[in-house]
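In what follows, a single structure is set out as structure tokens and then discussed.
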Amino acid sequence: MALRMVIGKTLPIGMDIGTSTVKLAQMRQAQDTMELLAAGSCEIPVECRKDPDRKMDFLLKNVRTILKSNRFKDRHCIFSLPAEATVVQHLRLPKGTPQETQTLVESELHGKLPYPVKDAVIRYIVAGEMVGEGEIKQEIIAVASARAVLEAYLQMTRRAGLDVVGVNIEPCAIVECFSRLFRRSSDTGRTILFIDMGAATTQVVLSHGDRVAFARNLFAAGDQLDRAVADGLKVSLEQARQMRLQLMRGKQDTSAEDALYHLLDPPLDSLADELTQCLRYYESVFRNQGVERAIFLGGQANDTRLCQAIARRLNLPAQVGDPLARVKRMEGAGLAIGLDRRGPHPSWAVAVGLSLGTALAA
């Protein structure tokens with residue numbers, strides 16, 4: 001993908017529909033910088049997260065409220081489905097035309113989805129090429145979603161007053177968010193590991209410059225960490241969640257902090273094992289492009305000690321990513337929800353990347 005930006009162009013609203021929050025962000029390309037025009041978010045109540053009808057009703061009402069309460073320009077929108085609503089599968093297939101590859105992808109996914117292929121919307125990304133079984137094969141990242149689920153989100157978004165101009169996936173949005181920082185020709189050889197830890201899933205994405213080279217959803221994330229604390233301290237999940245939030249805000253004494261992080265060792269060991277498996281798979285395809293560093297994103301990335309613990313297990317240099325780095329905030333955009341300049345905002349990578357998506361040409 002090549003970067004193609006129009007000076008002064010207002011980009012679509014990026015809507016990141018997560019498990020626990022929905023975030024909307026809209027960007028604009030100015031003369032020498034990117035600008036954040038508007039941003040808004042709300043938390044999805046626990047009782048709505050497992051009930052599709054209640055979740056859609058909640059999203060419809062609250063997306064409308066966010067749009068009315070913030071200075072969004074026009075109503076063009078690109079949104080992403082929640083990670084748990086998609087299936088991501090790596091495939092190695094013979095080279096062919098796009099139509100031939102699409103047919104092969106659909107054939108390979110038979111029996112591998114929780115619904116029939118005929119009821120799925122399936123797209124794919126060509127991550128690279130490799131020699132396998134004596135021939136050149138394509139490394140394919142296939143993404144599938146149940147058609148009915150996609151249609152439900154499309155209907156909700158349109159009823160909220162948005163004009164949907166595209167649907168993207170979280171891995172692509174993450175890479176697009178940061179690709180503006182990797183513009184030199186030498187950056188295409190850099191491999192960055194993005195670890196986006198949300199409430200229900202962890203997105204693992206490896207990029208070569210502005211291209212997605214690997215993507216996988218791991219169902220080990222914040223909820224599992226909360227459960228480990230709740231079980232260890234014999235408290236409710238909500239109490240455990242609040243305790244961990246206090247840690248992120250630096251409001252726990254050192255002894256209590258050490259005891260709590262000790263409870264997180266088993267799930268962190270398990271997560272690190274899964275991340276290591278992802279890296280091994282990547283290295284089996286791209287043998288000469290080692291991982292340079294890890295960038296932590298998502299709500300859990302606000303816990304610096306947690307990120308450090310994972311980075312040590314992976315033996316990689318790491319940092320907390322800031323999707324609003326080098327971004328100018330317009331007229332107080334996002335200040336009401338804490339998007340100030342005092343620190344990074346790692347949970348906004350998908351929403352920002354979705355808005356920037358139209359600035360990237362295939």
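As shown in the structure tokens, the chain order sets the letters A, B, ...; within each chain, residues go from 1, and ligands are also counted from 1 in the order they appear.
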
**DSSP helix (DSSP H, G or I) residues within segment 68-215 of chain A, as an NGL selection string** = :A and (68-69 or 83-85 or 98-108 or 117-119 or 147-159 or 170-179 or 185-189)

**Request:** Name the residues in contact with segment 9-12 of chain A at a cut-off of 12 Å, using only C-alpha atoms, excluding same-chain residues fewer than 3 positions from it; report them as a PyMOL selection string.
**Result:** chain A and resi 4-6+15+24-31+33-38+72-79+162-167+351-360

**Prompt:** Can you tell me, as a list in words, what residues are no more than 8 Å from Lys95 of chain A when counting only C-alpha atoms, ignoring any on the same chain fewer than 4 positions away?
**Reply:** Thr101, Ile136, Lys137 and Gln138 of chain A

For C-alpha atoms, I'd like the residues from the last selection saved as a compact mmCIF listing (two decimals), in the first residue's frame.
# COMPACT_ATOMS: atom_id res chain seq x y z
CA THR A 101 -7.54 -17.11 -4.77
CA ILE A 136 5.90 -20.55 -4.83
CA LYS A 137 2.91 -20.15 -2.57
CA GLN A 138 1.08 -17.16 -1.21

Give me the residues of segment 78-190 of chain A that have any atom at most 10 Å from an atom of segment 211-214 of chain A; for each, the nearest atom pair and the distance in Å, rounded to one decimal. Use only C-alpha atoms, sort by chain and number, and format it as CSV.
residue,atom,partner,partner_atom,distance
A:Val88,CA,A:Phe214,CA,10.0
A:Gln89,CA,A:Phe214,CA,9.8
A:His90,CA,A:Phe214,CA,8.1
A:Ile125,CA,A:Val212,CA,8.0
A:Val126,CA,A:Ala213,CA,8.2
A:Ala127,CA,A:Ala213,CA,4.7
A:Gly128,CA,A:Ala213,CA,7.0
A:Glu139,CA,A:Ala213,CA,8.7
A:Ile140,CA,A:Phe214,CA,9.0
A:Ile141,CA,A:Phe214,CA,7.2
A:Pro171,CA,A:Val212,CA,7.4
A:Cys172,CA,A:Val212,CA,6.6
A:Ala173,CA,A:Val212,CA,9.9
A:Ile174,CA,A:Val212,CA,9.3
A:Val175,CA,A:Val212,CA,6.8
A:Glu176,CA,A:Arg211,CA,8.4
A:Ser179,CA,A:Arg211,CA,8.4
A:Thr188,CA,A:Arg211,CA,8.1

Atoms to include: N, CA and C atoms. Write the selected residues as a PDB file, in the first residue's frame.
ATOM      1  N   VAL A  88     -10.023 -15.192  11.938  1.00  0.00           N
ATOM      2  CA  VAL A  88      -8.815 -14.905  11.167  1.00  0.00           C
ATOM      3  C   VAL A  88      -8.038 -16.201  11.001  1.00  0.00           C
ATOM      4  N   GLN A  89      -7.711 -16.552   9.760  1.00  0.00           N
ATOM      5  CA  GLN A  89      -7.060 -17.833   9.479  1.00  0.00           C
ATOM      6  C   GLN A  89      -5.935 -17.619   8.468  1.00  0.00           C
ATOM      7  N   HIS A  90      -4.742 -18.139   8.773  1.00  0.00           N
ATOM      8  CA  HIS A  90      -3.635 -18.096   7.822  1.00  0.00           C
ATOM      9  C   HIS A  90      -3.688 -19.325   6.922  1.00  0.00           C
ATOM     10  N   ILE A 125      -6.119 -11.102   2.659  1.00  0.00           N
ATOM     11  CA  ILE A 125      -4.957 -10.247   2.429  1.00  0.00           C
ATOM     12  C   ILE A 125      -3.806 -11.152   2.001  1.00  0.00           C
ATOM     13  N   VAL A 126      -3.063 -10.752   0.986  1.00  0.00           N
ATOM     14  CA  VAL A 126      -1.838 -11.473   0.618  1.00  0.00           C
ATOM     15  C   VAL A 126      -0.710 -10.904   1.465  1.00  0.00           C
ATOM     16  N   ALA A 127      -0.214 -11.703   2.411  1.00  0.00           N
ATOM     17  CA  ALA A 127       0.822 -11.235   3.327  1.00  0.00           C
ATOM     18  C   ALA A 127       2.214 -11.352   2.739  1.00  0.00           C
ATOM     19  N   GLY A 128       2.414 -12.302   1.821  1.00  0.00           N
ATOM     20  CA  GLY A 128       3.737 -12.493   1.237  1.00  0.00           C
ATOM     21  C   GLY A 128       3.787 -13.786   0.441  1.00  0.00           C
ATOM     22  N   GLU A 139       1.196 -16.559   1.124  1.00  0.00           N
ATOM     23  CA  GLU A 139       0.753 -16.571   2.509  1.00  0.00           C
ATOM     24  C   GLU A 139      -0.471 -15.659   2.586  1.00  0.00           C
ATOM     25  N   ILE A 140      -1.609 -16.274   2.880  1.00  0.00           N
ATOM     26  CA  ILE A 140      -2.896 -15.574   2.861  1.00  0.00           C
ATOM     27  C   ILE A 140      -3.426 -15.406   4.283  1.00  0.00           C
ATOM     28  N   ILE A 141      -3.899 -14.212   4.584  1.00  0.00           N
ATOM     29  CA  ILE A 141      -4.635 -13.985   5.828  1.00  0.00           C
ATOM     30  C   ILE A 141      -6.106 -13.855   5.453  1.00  0.00           C
ATOM     31  N   PRO A 171      -6.789  -5.527  12.588  1.00  0.00           N
ATOM     32  CA  PRO A 171      -5.362  -5.569  12.230  1.00  0.00           C
ATOM     33  C   PRO A 171      -4.968  -4.541  11.177  1.00  0.00           C
ATOM     34  N   CYS A 172      -5.787  -4.385  10.137  1.00  0.00           N
ATOM     35  CA  CYS A 172      -5.473  -3.398   9.102  1.00  0.00           C
ATOM     36  C   CYS A 172      -5.534  -1.984   9.660  1.00  0.00           C
ATOM     37  N   ALA A 173      -6.528  -1.712  10.502  1.00  0.00           N
ATOM     38  CA  ALA A 173      -6.657  -0.376  11.086  1.00  0.00           C
ATOM     39  C   ALA A 173      -5.453  -0.045  11.960  1.00  0.00           C
ATOM     40  N   ILE A 174      -4.980  -1.022  12.721  1.00  0.00           N
ATOM     41  CA  ILE A 174      -3.810  -0.800  13.583  1.00  0.00           C
ATOM     42  C   ILE A 174      -2.595  -0.417  12.745  1.00  0.00           C
ATOM     43  N   VAL A 175      -2.329  -1.173  11.682  1.00  0.00           N
ATOM     44  CA  VAL A 175      -1.163  -0.890  10.839  1.00  0.00           C
ATOM     45  C   VAL A 175      -1.324   0.453  10.143  1.00  0.00           C
ATOM     46  N   GLU A 176      -2.544   0.743   9.664  1.00  0.00           N
ATOM     47  CA  GLU A 176      -2.770   2.017   8.996  1.00  0.00           C
ATOM     48  C   GLU A 176      -2.597   3.196   9.954  1.00  0.00           C
ATOM     49  N   SER A 179       1.273   3.568  10.108  1.00  0.00           N
ATOM     50  CA  SER A 179       2.057   3.589   8.867  1.00  0.00           C
ATOM     51  C   SER A 179       2.495   5.002   8.493  1.00  0.00           C
ATOM     52  N   THR A 188      10.104  -0.432   5.032  1.00  0.00           N
ATOM     53  CA  THR A 188       9.412  -1.629   4.547  1.00  0.00           C
ATOM     54  C   THR A 188      10.083  -2.897   5.052  1.00  0.00           C
TER      55      THR A 188
END

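Shell of Cys278 of chain A at 10 Å, with only C-alpha atoms counted and residues fewer than 5 places along the chain excluded, is Val204, Val205, Leu206, Phe214, Ala215, Arg216, Leu218, Ala272, Asp273 and Glu283 of chain A.
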
**Request:** Could you please determine the separation between atom CA of Gly134 of chain A and atom CA of Gly96 of chain A in Å, to one decimal place?
**Result:**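 Spanning atom CA of Gly134 of chain A to atom CA of Gly96 of chain A is a straight-line distance of 16.0 Å.
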
**Item:** Who sits within 6 Å of Ala200 of chain A, only C-alpha atoms, same chain under 2 positions skipped, as a list in words
**Value:**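 Neighbouring residues, sequence-local ones excluded: Gly198, Ala221 and Asp223 of chain A.
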
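The closest residue to Asn168 of chain A, picked from A:Pro266, A:Ile295, A:Ser145, A:Asn315 and counting only C-alpha atoms, is A:Ser145.
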
**Prompt:** Nearest to Arg280 of chain A: which of A:Leu314, A:Leu339, A:Ala259, A:Ala349 is it, counting only C-alpha atoms?
**Reply:**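 Going through A:Leu314, A:Leu339, A:Ala259, A:Ala349 one by one, the smallest distance to Arg280 of chain A is for A:Leu314.
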
**Complete:** Among A:Arg92, A:Arg241, A:Arg49, A:Arg190, Tyr124 of chain A is approached most closely, using only C-alpha atoms, by A:Arg92

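For the residues A:Val46, A:Met197, A:Leu297, A:Val291, ranking by smallest atom-to-atom distance to Cys177 of chain A using only C-alpha atoms places A:Leu297 first.
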
**Fill in**
In terms of only C-alpha atoms, the residue from A:Phe194, A:Pro82, A:Arg159, A:Gln99 at minimal distance from Leu279 of chain A is A:Phe194

**Asked** What does the distance between atom CA of Leu268 of chain A and atom CA of His345 of chain A come to in Å, to one decimal place?
**Response**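 Value for the atom CA of Leu268 of chain A-atom CA of His345 of chain A distance: 22.3 Å.
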
**Message:** So, with only C-alpha atoms as the atoms that count, which of A:Glu47, A:Glu100, A:Glu84, A:Asp57 lies closest to Thr19 of chain A?
**Reply:** A:Glu84

**Long-range neighbours of Leu59 of chain A as a ChimeraX atom specification, 8 Å cut-off, only C-alpha atoms, 5 positions minimum in chain** = /A:22,44,156
